[in-house]
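A short worksheet on the structure shown next.
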Amino acid sequence: MGEANVFNVKYPIIQAGMAGGATSPQLVAAVSNYGGLGTIGGGYMSPDNLRKAIQKVKTLTNQPFAVNLFIPEQSFTAEEIAVHSKRGMELTHSFRNRFGLTTKTVEKVQESFEQQFEVVLEEQVPVFSFTFGVPTDNQVAALKAAGIVTCGTATTVEEAIHIEQVGIDAVVAQGSEAGGHRGSFIQSEYLPLIGTMALVPQIVDHVTIPVIAAGGIMDERGVAASFALGATCVQLGTAFLTTIESAAHPLHKEQLLQHNEEDTDVTYAFSGKAARGIRNAFIEAHTCTRLEEIPLIQFKMQ
């Protein structure tokens, strides 16, 4: 495993921290118990729920595991939240009618990263991974003082170099094939969509910290190819979603098993941030090519 031992696991396999509820404590613990690194996708969790999930994982495994959080990018005023929320309800009205869903109040998803971060420190989580940016210098220092291993997400060489420069222990090279949100955080005129097998060796050539390959890796062939290109570990997300332990909705699991490589798109429709998902009526109804054309911010139904 070489440098992959930075995570202190038997096998160089990481289960991605997929926010939204799929990464149940049972899934996280199962991956860790089998020798990989299970990850709680804590991006949308309240600090209290994050703490409960961490504590539950600890009752199910004594092996290392990780928590993945979103680095905050921007804040919104109450007026901006109200405008975006109203527009979001308008855009989803036809779908709620179609499926007989009652209209509910909309609230911006703005869990306190600072409070989530404190939970990670207080619970002495073995590994802290993150996306959409990098922690502050003080936060990195606090993680190091607590003996917590850190891992950031990069979609370009420039982002990977920045992650190493701030003192992070490892970097995930997220290729364009990855499901879910793009982890890009350095502004570019175009959305970085560099394939995994092209991105990994470029990042390996420019950083000295361990590189984790992510994006489209589903079996031993993808793992072997990643290692050949210089990765010391691989991260898989979608491959774990249809497991028994996964808390993904049964219909979600069914859709994943029924579709193939031609059936996904990168869309801004769900959260206003670029993400890869299975093409469906909602995506097709809200297709756009530029982020600024989507008048939505991340929100949730209450």
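Just remember, in the structure tokens the first chain shown is A, the second B, etc., residues are 1-based per chain, and ligands are 1-based in the order shown.
When the distance limit is 7 Å and only C-alpha atoms are what count, the residues near stretch 177-184 of chain A, minus those fewer than 6 positions from it on the same chain, are Thr131, Phe132, Thr153, Ala154, Thr155, Gly195, Thr196, Ala214, Gly215, Gly216, Thr238, Lys273, Ala274, Ala275, Arg276 and Gly277 of chain A.
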Now that the selection is made, can you save its residues with C-alpha atoms as a short mmCIF file (atom, residue, chain, number, x, y, z; two decimals), in the first residue's frame?
data_model
loop_
_atom_site.label_atom_id
_atom_site.label_comp_id
_atom_site.auth_asym_id
_atom_site.auth_seq_id
_atom_site.Cartn_x
_atom_site.Cartn_y
_atom_site.Cartn_z
CA THR A 131 -14.49 19.31 -0.75
CA PHE A 132 -15.28 22.71 -2.38
CA THR A 153 -10.57 17.09 -3.19
CA ALA A 154 -9.04 18.46 -6.40
CA THR A 155 -10.30 18.48 -9.97
CA GLY A 195 -10.95 12.39 -16.97
CA THR A 196 -9.67 10.36 -14.02
CA ALA A 214 -11.68 8.90 -7.91
CA GLY A 215 -14.24 8.89 -10.69
CA GLY A 216 -15.65 5.97 -12.65
CA THR A 238 -21.51 4.85 -6.80
CA LYS A 273 -23.52 23.50 -8.40
CA ALA A 274 -22.27 21.20 -11.12
CA ALA A 275 -23.02 17.55 -10.38
CA ARG A 276 -23.20 14.30 -12.33
CA GLY A 277 -26.46 12.41 -12.10
#
- List every residue of stretch 133-211 of chain A that DSSP, applied to the backbone of this structure, places in helix (DSSP H, G or I), and write the result as a VMD selection string. chain A and resid 137 to 145 157 to 165 196 to 204
- Task: Can you pull out every residue within 12 Å of stretch 225-234 of chain A, counting only C-alpha atoms, but drop anything in the same chain fewer than 2 positions away, and send it as a ChimeraX atom specification?
- Result: /A:1-16,36-37,151,170-175,195-223,236-237,239
At a cut-off of 8 Å, using only C-alpha atoms, what residues contact A:Phe113? Leave out same-chain residues fewer than 6 positions from it and give the result as a PDB file with all heavy atoms, in the first residue's frame.
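The resulting result-v4.pdb:
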ATOM      1  N   LEU A  69     -16.903  16.824   4.873  1.00  0.00           N
ATOM      2  CA  LEU A  69     -17.713  18.037   4.991  1.00  0.00           C
ATOM      3  C   LEU A  69     -17.452  18.969   3.807  1.00  0.00           C
ATOM      4  O   LEU A  69     -16.453  18.841   3.102  1.00  0.00           O
ATOM      5  CB  LEU A  69     -17.404  18.776   6.292  1.00  0.00           C
ATOM      6  CG  LEU A  69     -17.747  18.069   7.602  1.00  0.00           C
ATOM      7  CD1 LEU A  69     -17.337  18.941   8.782  1.00  0.00           C
ATOM      8  CD2 LEU A  69     -19.222  17.704   7.677  1.00  0.00           C
ATOM      9  N   PHE A  70     -18.382  19.914   3.624  1.00  0.00           N
ATOM     10  CA  PHE A  70     -18.248  20.930   2.574  1.00  0.00           C
ATOM     11  C   PHE A  70     -17.597  22.176   3.151  1.00  0.00           C
ATOM     12  O   PHE A  70     -18.073  22.719   4.148  1.00  0.00           O
ATOM     13  CB  PHE A  70     -19.623  21.326   2.023  1.00  0.00           C
ATOM     14  CG  PHE A  70     -20.409  20.199   1.407  1.00  0.00           C
ATOM     15  CD1 PHE A  70     -21.784  20.303   1.299  1.00  0.00           C
ATOM     16  CD2 PHE A  70     -19.788  19.052   0.937  1.00  0.00           C
ATOM     17  CE1 PHE A  70     -22.528  19.277   0.728  1.00  0.00           C
ATOM     18  CE2 PHE A  70     -20.510  18.025   0.365  1.00  0.00           C
ATOM     19  CZ  PHE A  70     -21.888  18.142   0.255  1.00  0.00           C
ATOM     20  N   ILE A  71     -16.539  22.640   2.522  1.00  0.00           N
ATOM     21  CA  ILE A  71     -15.939  23.915   2.915  1.00  0.00           C
ATOM     22  C   ILE A  71     -16.868  25.033   2.427  1.00  0.00           C
ATOM     23  O   ILE A  71     -17.226  25.069   1.254  1.00  0.00           O
ATOM     24  CB  ILE A  71     -14.545  24.091   2.286  1.00  0.00           C
ATOM     25  CG1 ILE A  71     -13.609  22.956   2.707  1.00  0.00           C
ATOM     26  CG2 ILE A  71     -13.962  25.447   2.663  1.00  0.00           C
ATOM     27  CD1 ILE A  71     -13.327  22.890   4.178  1.00  0.00           C
ATOM     28  N   PRO A  72     -17.302  25.936   3.307  1.00  0.00           N
ATOM     29  CA  PRO A  72     -18.230  26.993   2.884  1.00  0.00           C
ATOM     30  C   PRO A  72     -17.590  27.927   1.873  1.00  0.00           C
ATOM     31  O   PRO A  72     -16.445  28.350   2.025  1.00  0.00           O
ATOM     32  CB  PRO A  72     -18.555  27.718   4.195  1.00  0.00           C
ATOM     33  CG  PRO A  72     -17.417  27.404   5.103  1.00  0.00           C
ATOM     34  CD  PRO A  72     -16.946  26.026   4.727  1.00  0.00           C
TER      35      PRO A  72
END
- Message: Please identify the strand (DSSP E or B) residues within stretch 88-300 of chain A (assignment by DSSP from backbone atoms) and present them as a ChimeraX atom specification.
- Response: /A:106-108,127-131,149-154,170-174,180-181,211-214,233-236,264-267,275-278,299-300
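Taking only C-alpha atoms into account, A:Asp48 lies nearest to A:Val119 out of the set A:Ile163, A:Val119, A:Arg279, A:Leu251.
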- Do you know which residues are at most 6 Å from stretch 40-46 of chain A counting only C-alpha atoms, after dropping those on the same chain fewer than 2 positions away, and could you put them as a ChimeraX atom specification? /A:17-19,23,48-50,67-70,111
Convert the current residue selection to file output with all heavy atoms, as a short mmCIF file (atom, residue, chain, number, x, y, z; two decimals), in the first residue's frame.
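The result, written out as selection_11.cif:
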data_model
loop_
_atom_site.label_atom_id
_atom_site.label_comp_id
_atom_site.auth_asym_id
_atom_site.auth_seq_id
_atom_site.Cartn_x
_atom_site.Cartn_y
_atom_site.Cartn_z
N GLY A 17 -17.49 9.99 0.65
CA GLY A 17 -18.42 10.64 1.58
C GLY A 17 -19.56 11.30 0.85
O GLY A 17 -19.55 12.51 0.63
N MET A 18 -20.55 10.52 0.47
CA MET A 18 -21.67 11.02 -0.33
C MET A 18 -22.74 11.63 0.57
O MET A 18 -23.44 10.92 1.29
CB MET A 18 -22.25 9.86 -1.17
CG MET A 18 -21.24 9.27 -2.13
SD MET A 18 -21.77 7.69 -2.84
CE MET A 18 -21.48 6.57 -1.45
N ALA A 19 -22.88 12.95 0.53
CA ALA A 19 -23.86 13.63 1.36
C ALA A 19 -25.27 13.33 0.87
O ALA A 19 -25.49 13.01 -0.30
CB ALA A 19 -23.62 15.14 1.34
N THR A 23 -24.79 7.35 3.12
CA THR A 23 -23.69 6.78 3.90
C THR A 23 -24.13 6.52 5.34
O THR A 23 -23.72 7.20 6.28
CB THR A 23 -22.46 7.71 3.89
OG1 THR A 23 -22.83 8.99 4.41
CG2 THR A 23 -21.95 7.89 2.46
N ASP A 48 -25.67 18.20 15.47
CA ASP A 48 -26.18 17.16 16.38
C ASP A 48 -26.30 15.82 15.66
O ASP A 48 -25.91 14.78 16.20
CB ASP A 48 -27.53 17.57 16.95
CG ASP A 48 -27.42 18.64 18.02
OD1 ASP A 48 -26.29 18.86 18.52
OD2 ASP A 48 -28.45 19.27 18.34
N ASN A 49 -26.85 15.83 14.45
CA ASN A 49 -27.00 14.58 13.71
C ASN A 49 -25.64 14.02 13.29
O ASN A 49 -25.47 12.80 13.24
CB ASN A 49 -27.88 14.79 12.49
CG ASN A 49 -29.35 14.94 12.85
OD1 ASN A 49 -29.78 14.49 13.92
ND2 ASN A 49 -30.12 15.57 11.99
N LEU A 50 -24.70 14.90 12.99
CA LEU A 50 -23.36 14.45 12.65
C LEU A 50 -22.73 13.74 13.85
O LEU A 50 -22.12 12.66 13.71
CB LEU A 50 -22.50 15.63 12.22
CG LEU A 50 -21.03 15.30 11.89
CD1 LEU A 50 -20.95 14.29 10.74
CD2 LEU A 50 -20.27 16.58 11.54
N VAL A 67 -14.94 11.48 8.12
CA VAL A 67 -16.09 12.37 7.96
C VAL A 67 -15.75 13.33 6.84
O VAL A 67 -14.65 13.90 6.81
CB VAL A 67 -16.41 13.15 9.24
CG1 VAL A 67 -17.39 14.29 8.96
CG2 VAL A 67 -16.99 12.22 10.31
N ASN A 68 -16.68 13.49 5.89
CA ASN A 68 -16.49 14.44 4.80
C ASN A 68 -17.44 15.61 4.95
O ASN A 68 -18.64 15.41 5.14
CB ASN A 68 -16.73 13.75 3.45
CG ASN A 68 -16.55 14.70 2.28
OD1 ASN A 68 -17.48 15.35 1.84
ND2 ASN A 68 -15.33 14.78 1.77
N LEU A 69 -16.90 16.82 4.87
CA LEU A 69 -17.71 18.04 4.99
C LEU A 69 -17.45 18.97 3.81
O LEU A 69 -16.45 18.84 3.10
CB LEU A 69 -17.40 18.78 6.29
CG LEU A 69 -17.75 18.07 7.60
CD1 LEU A 69 -17.34 18.94 8.78
CD2 LEU A 69 -19.22 17.70 7.68
N PHE A 70 -18.38 19.91 3.62
CA PHE A 70 -18.25 20.93 2.57
C PHE A 70 -17.60 22.18 3.15
O PHE A 70 -18.07 22.72 4.15
CB PHE A 70 -19.62 21.33 2.02
CG PHE A 70 -20.41 20.20 1.41
CD1 PHE A 70 -21.78 20.30 1.30
CD2 PHE A 70 -19.79 19.05 0.94
CE1 PHE A 70 -22.53 19.28 0.73
CE2 PHE A 70 -20.51 18.02 0.36
CZ PHE A 70 -21.89 18.14 0.25
N GLU A 111 -25.95 24.58 7.13
CA GLU A 111 -25.44 24.08 8.38
C GLU A 111 -24.16 24.83 8.71
O GLU A 111 -23.43 25.27 7.83
CB GLU A 111 -25.15 22.57 8.29
CG GLU A 111 -26.38 21.69 8.36
CD GLU A 111 -27.17 21.67 7.06
OE1 GLU A 111 -26.59 22.03 6.02
OE2 GLU A 111 -28.35 21.32 7.09
#
- For A:Ile148, which of A:Gln124, A:Ser24, A:Thr92, A:Asn33 is the closest residue, counting only C-alpha atoms? A:Gln124
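Proximity to A:Thr242 was assessed for A:Leu27, A:Gln116, A:Ser271, A:Ala145 counting only C-alpha atoms; the smallest distance is recorded for A:Leu27.
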- Message: Applying 12 Å and only C-alpha atoms, which residues near A:Thr59 remain after dropping the ones on its own chain fewer than 5 positions away? List them as a ChimeraX atom specification.
- Response: /A:25-26,28-30,33,52-54
Take the selection from the previous step and output its residues with N, CA and C atoms, as a PDB file, in the first residue's frame.
ATOM      1  N   PRO A  25     -24.425   4.778   9.033  1.00  0.00           N
ATOM      2  CA  PRO A  25     -23.377   4.250   9.915  1.00  0.00           C
ATOM      3  C   PRO A  25     -23.071   2.782   9.616  1.00  0.00           C
ATOM      4  N   GLN A  26     -24.095   2.035   9.197  1.00  0.00           N
ATOM      5  CA  GLN A  26     -23.888   0.622   8.878  1.00  0.00           C
ATOM      6  C   GLN A  26     -22.966   0.454   7.670  1.00  0.00           C
ATOM      7  N   VAL A  28     -20.727   2.755   6.506  1.00  0.00           N
ATOM      8  CA  VAL A  28     -19.409   3.256   6.885  1.00  0.00           C
ATOM      9  C   VAL A  28     -18.655   2.209   7.702  1.00  0.00           C
ATOM     10  N   ALA A  29     -19.324   1.633   8.691  1.00  0.00           N
ATOM     11  CA  ALA A  29     -18.686   0.638   9.556  1.00  0.00           C
ATOM     12  C   ALA A  29     -18.346  -0.633   8.793  1.00  0.00           C
ATOM     13  N   ALA A  30     -19.226  -1.054   7.877  1.00  0.00           N
ATOM     14  CA  ALA A  30     -18.968  -2.274   7.112  1.00  0.00           C
ATOM     15  C   ALA A  30     -17.702  -2.124   6.269  1.00  0.00           C
ATOM     16  N   ASN A  33     -14.733  -2.163   8.634  1.00  0.00           N
ATOM     17  CA  ASN A  33     -14.522  -3.498   9.205  1.00  0.00           C
ATOM     18  C   ASN A  33     -13.906  -4.465   8.204  1.00  0.00           C
ATOM     19  N   LYS A  52     -24.269  12.238  16.288  1.00  0.00           N
ATOM     20  CA  LYS A  52     -24.948  10.955  16.492  1.00  0.00           C
ATOM     21  C   LYS A  52     -24.444   9.907  15.509  1.00  0.00           C
ATOM     22  N   ALA A  53     -24.241  10.318  14.254  1.00  0.00           N
ATOM     23  CA  ALA A  53     -23.753   9.377  13.246  1.00  0.00           C
ATOM     24  C   ALA A  53     -22.342   8.896  13.590  1.00  0.00           C
ATOM     25  N   ILE A  54     -21.495   9.805  14.015  1.00  0.00           N
ATOM     26  CA  ILE A  54     -20.130   9.440  14.392  1.00  0.00           C
ATOM     27  C   ILE A  54     -20.142   8.458  15.559  1.00  0.00           C
TER      28      ILE A  54
END
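Comparing the minimum interatomic distances between A:Gly38 and each of A:Thr102, A:Val125, A:Gln115, A:Ile81, counting only C-alpha atoms, we find that A:Val125 sits nearest.
As for atom CA of A:Leu193 and atom CA of A:Ser176, they are spaced 4.6 Å apart.
Separating atom CA of A:Ala281 from atom CA of A:Phe95 is a distance of 9.3 Å.
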